[in-house]
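Enquirer: My structure is below; once you've seen it, I'll send some questions.
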Amino acid sequence: MFVFGDSYSTKYLDVHTMKYADPDQMSSTNGLNWVDYFTQQTRLEAWDLAYNSAPVSNALVHQHTSVTDVSQQITQLYAQYFLDNKNRSSDETFYVIWVGINDLGLMESNDLDMPLTHIMERYKDLVDYLLEHHARHFIFINVPPIEVSPKWKPNAAKKMSDLVHEYNLLLDMMVHQLQHEKDGFFHYVDAWALFDKMLKSPDAYDFTNTTSYCPDWRRSQEHGCGPVEGYFWLNDLHPTTHVHKIFAQQLALELGSL
């Protein structure tokens with residue numbers, strides 16, 4: 001399984017040593033992320049090329065060039081380090097792409113007046129690149145309800161909600177187009193719906209706080225916070241490892257039923 005995306009997915013792979021960072025040192029969650037949990041459940045081997053703060057394309061949304069965007073993850077890192085692996089079967093390899101959070105965030109913070117179709121066109125180009133290089137099994141994960149995250153809810157919830165819903169609609173349309181026009185497995189995963197369900201029914205998932213976050217979860221008592229295990233948000237935009245675990249469990253169930 002290959003994973004492309006942003007901080008929601010990254011395990012900070014050092015492509016030179018092919019080793020991952022210590023999960024306890026990850027900045028985007030307080031432990032394992034969904035890739036860890038998913039591979040534990042499915043016993044799939046994952047090569048995770050996701051990169052912190054990555055959009056589909058840095059150039060489109062004015063992201064800093066130091067960020068390895070999804071375009072580079074696929075056409076440079078994957079191409080350089082994995083494309084010529086003769087031991088990998090296209091029939092047994094999944095390609096997972098979870099991107100869009102930073103694209104929408106940068107559109108808002110940089111006040112960009114650009115049609116989301118431009119981002120989706122580049123996204124489709126990357127899928128076509130993988131298809132041309134014999135990828136056949138794809139999983140596309142949409143953008144969760146970041147409009148209710150502590151980062152965006154106070155001042156930009158409505159605008160972000162509109163962006164998220166439009167992006168997810170375009171992604172869904174792209175997946176349907178691929179299903180009708182290309183030979184392969186193309187599956188759309190509705191992370192927005194699952195996150196929304198968790199946020200609206202917190203007791204069912206053992207969450208005690210779904211609206212705020214602790215300034216320092218490692219020293220929660222000093223800040224008057226409850227145990228981090230009860231929080232949905234680890235910081236203003238990223239969910240806790242508890243959310244990642246639930247997402248991975250549901251993803252494994254969803255794919256297992258297909």
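Going through the structure tokens in order, the chains are called A, B, and so on, while each chain numbers its residues from 1 and the ligands are numbered from 1 in the order shown.
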Using only C-alpha atoms, tabulate the residues of range 80-128 of chain A lying at most 12 Å from any atom of range 231-244 of chain A, each with its closest atom pair and that distance in Å to one decimal, by chain and increasing residue number, as a tab-separated table.

Expert:
residue	atom	partner	partner_atom	distance
A:Ile101	CA	A:Leu237	CA	9.4
A:Asn102	CA	A:Leu237	CA	10.4
A:Gly105	CA	A:Leu237	CA	10.2

Enquirer: With distances taken over only C-alpha atoms, which of A:Trp217, A:Phe82, A:Trp98, A:Phe207 is nearest to Thr10 in chain A?

Expert: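 Distance minimum relative to Thr10 in chain A lands on A:Trp98.
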
Enquirer: Which residue is closest to Leu104 in chain A? Choose from A:Tyr78, A:Tyr167, A:Tyr188, A:Phe140 and count only C-alpha atoms.

Expert: A:Tyr167

Enquirer: Which one is closest to Thr210 in chain A: A:Ala252, A:Val148, A:Ile119, A:Leu171? Count only C-alpha atoms.

Expert: A:Val148

Enquirer: Write out as a PyMOL selection string all residues of range 182-229 of chain A that backbone DSSP assigns to alpha helix (DSSP H).

Expert: chain A and resi 191-200

Enquirer: Go ahead and write the residues just picked, N, CA and C atoms, as a PDB file, in the first residue's frame.

Expert:
ATOM      1  N   ALA A 191     -14.718  10.391   4.663  1.00  0.00           N
ATOM      2  CA  ALA A 191     -14.225  10.740   5.999  1.00  0.00           C
ATOM      3  C   ALA A 191     -15.087  11.825   6.625  1.00  0.00           C
ATOM      4  N   TRP A 192     -15.635  12.718   5.786  1.00  0.00           N
ATOM      5  CA  TRP A 192     -16.481  13.791   6.316  1.00  0.00           C
ATOM      6  C   TRP A 192     -17.648  13.200   7.104  1.00  0.00           C
ATOM      7  N   ALA A 193     -18.294  12.199   6.550  1.00  0.00           N
ATOM      8  CA  ALA A 193     -19.464  11.609   7.206  1.00  0.00           C
ATOM      9  C   ALA A 193     -19.088  10.932   8.517  1.00  0.00           C
ATOM     10  N   LEU A 194     -17.974  10.209   8.543  1.00  0.00           N
ATOM     11  CA  LEU A 194     -17.572   9.523   9.767  1.00  0.00           C
ATOM     12  C   LEU A 194     -17.166  10.516  10.846  1.00  0.00           C
ATOM     13  N   PHE A 195     -16.384  11.530  10.479  1.00  0.00           N
ATOM     14  CA  PHE A 195     -15.996  12.537  11.460  1.00  0.00           C
ATOM     15  C   PHE A 195     -17.227  13.257  11.995  1.00  0.00           C
ATOM     16  N   ASP A 196     -18.153  13.587  11.110  1.00  0.00           N
ATOM     17  CA  ASP A 196     -19.380  14.267  11.518  1.00  0.00           C
ATOM     18  C   ASP A 196     -20.175  13.404  12.495  1.00  0.00           C
ATOM     19  N   LYS A 197     -20.214  12.116  12.231  1.00  0.00           N
ATOM     20  CA  LYS A 197     -20.926  11.196  13.119  1.00  0.00           C
ATOM     21  C   LYS A 197     -20.283  11.164  14.498  1.00  0.00           C
ATOM     22  N   MET A 198     -18.963  11.128  14.546  1.00  0.00           N
ATOM     23  CA  MET A 198     -18.257  11.124  15.824  1.00  0.00           C
ATOM     24  C   MET A 198     -18.496  12.422  16.583  1.00  0.00           C
ATOM     25  N   LEU A 199     -18.466  13.537  15.864  1.00  0.00           N
ATOM     26  CA  LEU A 199     -18.633  14.834  16.510  1.00  0.00           C
ATOM     27  C   LEU A 199     -20.044  15.044  17.041  1.00  0.00           C
ATOM     28  N   LYS A 200     -21.026  14.471  16.358  1.00  0.00           N
ATOM     29  CA  LYS A 200     -22.414  14.646  16.778  1.00  0.00           C
ATOM     30  C   LYS A 200     -22.876  13.598  17.784  1.00  0.00           C
TER      31      LYS A 200
END

Enquirer: For Leu170 in chain A, please output as a count of residues only all residues within 9 Å (counting only C-alpha atoms; exclusion window: fewer than 6 positions along the same chain).

Expert: 3

Enquirer: For Asp36 in chain A, work out the shell of residues within 12 Å, counting only C-alpha atoms and skipping chain neighbours fewer than 6 positions away, then give it as a ChimeraX atom specification.

Expert: /A:1,3,8-11,20,22-23,29,42-48,241,244-249

Enquirer: Give me every strand (DSSP E) residue in range 75-227 of chain A, going by DSSP on the backbone, as a compact mmCIF listing (two decimals) with C-alpha atoms, in the first residue's frame.

Expert:
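To be explicit, this is the file written out as selection02.txt:
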# COMPACT_ATOMS: atom_id res chain seq x y z
CA PHE A 94 -3.38 -0.14 -3.07
CA TYR A 95 -2.76 3.55 -3.69
CA VAL A 96 -4.34 5.79 -1.05
CA ILE A 97 -4.61 9.55 -1.50
CA TRP A 98 -5.90 11.78 1.30
CA HIS A 137 -6.37 -0.11 -6.97
CA PHE A 138 -7.14 3.36 -5.61
CA ILE A 139 -8.65 4.69 -2.40
CA PHE A 140 -9.58 8.38 -2.35
CA ILE A 141 -10.38 9.92 1.05
CA PHE A 185 -10.70 -0.26 -8.58
CA PHE A 186 -11.58 3.27 -7.52
CA HIS A 187 -13.17 3.75 -4.09
CA TYR A 188 -14.36 6.99 -2.48
CA VAL A 189 -14.09 7.10 1.31

Enquirer: CA of Lys182 in chain A and CA of Glu121 in chain A are how many Å apart?

Expert: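 Here the two named atoms are 16.1 Å from each other.
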
Enquirer: Go ahead and compute the interatomic distance for CA of Tyr205 in chain A and CA of Trp34 in chain A, in Å to one decimal.

Expert: 16.0 Å

Enquirer: Find the residue from A:Asn85, A:Asn110, A:Ser57, A:Ser90 that sits nearest to Asp125 in chain A; use only C-alpha atoms when measuring.

Expert: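 With only C-alpha atoms as the atom set, the closest residue is A:Ser57.
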
Enquirer: Nearest residue to Ser149 in chain A out of A:Gly31, A:Thr211, A:Ser201, A:Leu60, using only C-alpha atoms?

Expert: A:Thr211

Enquirer: Excluding range 69-71 of chain A and residues on its chain fewer than 5 positions from it, collect all residues at most 6 Å away from it, counting only C-alpha atoms, and give them as a PyMOL selection string.

Expert: chain A and resi 5+54-57

Enquirer: With N, CA and C atoms retained, write the just-selected residues as a PDB file, in the first residue's frame.

Expert:
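Written out: result_31.pdb:
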ATOM      1  N   GLY A   5      -0.286  12.168   0.770  1.00  0.00           N
ATOM      2  CA  GLY A   5      -1.158  13.130   1.436  1.00  0.00           C
ATOM      3  C   GLY A   5      -0.408  14.108   2.310  1.00  0.00           C
ATOM      4  N   ALA A  54       1.142  19.289   3.135  1.00  0.00           N
ATOM      5  CA  ALA A  54       1.101  19.130   1.679  1.00  0.00           C
ATOM      6  C   ALA A  54      -0.279  19.385   1.086  1.00  0.00           C
ATOM      7  N   PRO A  55      -0.352  20.192   0.035  1.00  0.00           N
ATOM      8  CA  PRO A  55      -1.541  20.280  -0.810  1.00  0.00           C
ATOM      9  C   PRO A  55      -1.337  19.384  -2.034  1.00  0.00           C
ATOM     10  N   VAL A  56      -2.268  19.421  -2.959  1.00  0.00           N
ATOM     11  CA  VAL A  56      -2.072  18.711  -4.221  1.00  0.00           C
ATOM     12  C   VAL A  56      -0.878  19.306  -4.959  1.00  0.00           C
ATOM     13  N   SER A  57      -0.853  20.630  -5.042  1.00  0.00           N
ATOM     14  CA  SER A  57       0.227  21.338  -5.740  1.00  0.00           C
ATOM     15  C   SER A  57       0.568  22.619  -4.998  1.00  0.00           C
TER      16      SER A  57
END

Enquirer: Restricting the calculation to only C-alpha atoms: of A:Val99, A:Met114, A:Val228, A:Leu258, which residue gets closest to Asn168 in chain A?

Expert: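 For Asn168 in chain A, the nearest of the candidates is A:Val99.
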
Enquirer: I'd like the interatomic distance between CA of Ala50 in chain A and CA of Phe2 in chain A, to a tenth of an Å.

Expert: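 If I compute the distance from CA of Ala50 in chain A to CA of Phe2 in chain A, I get 9.2 Å.
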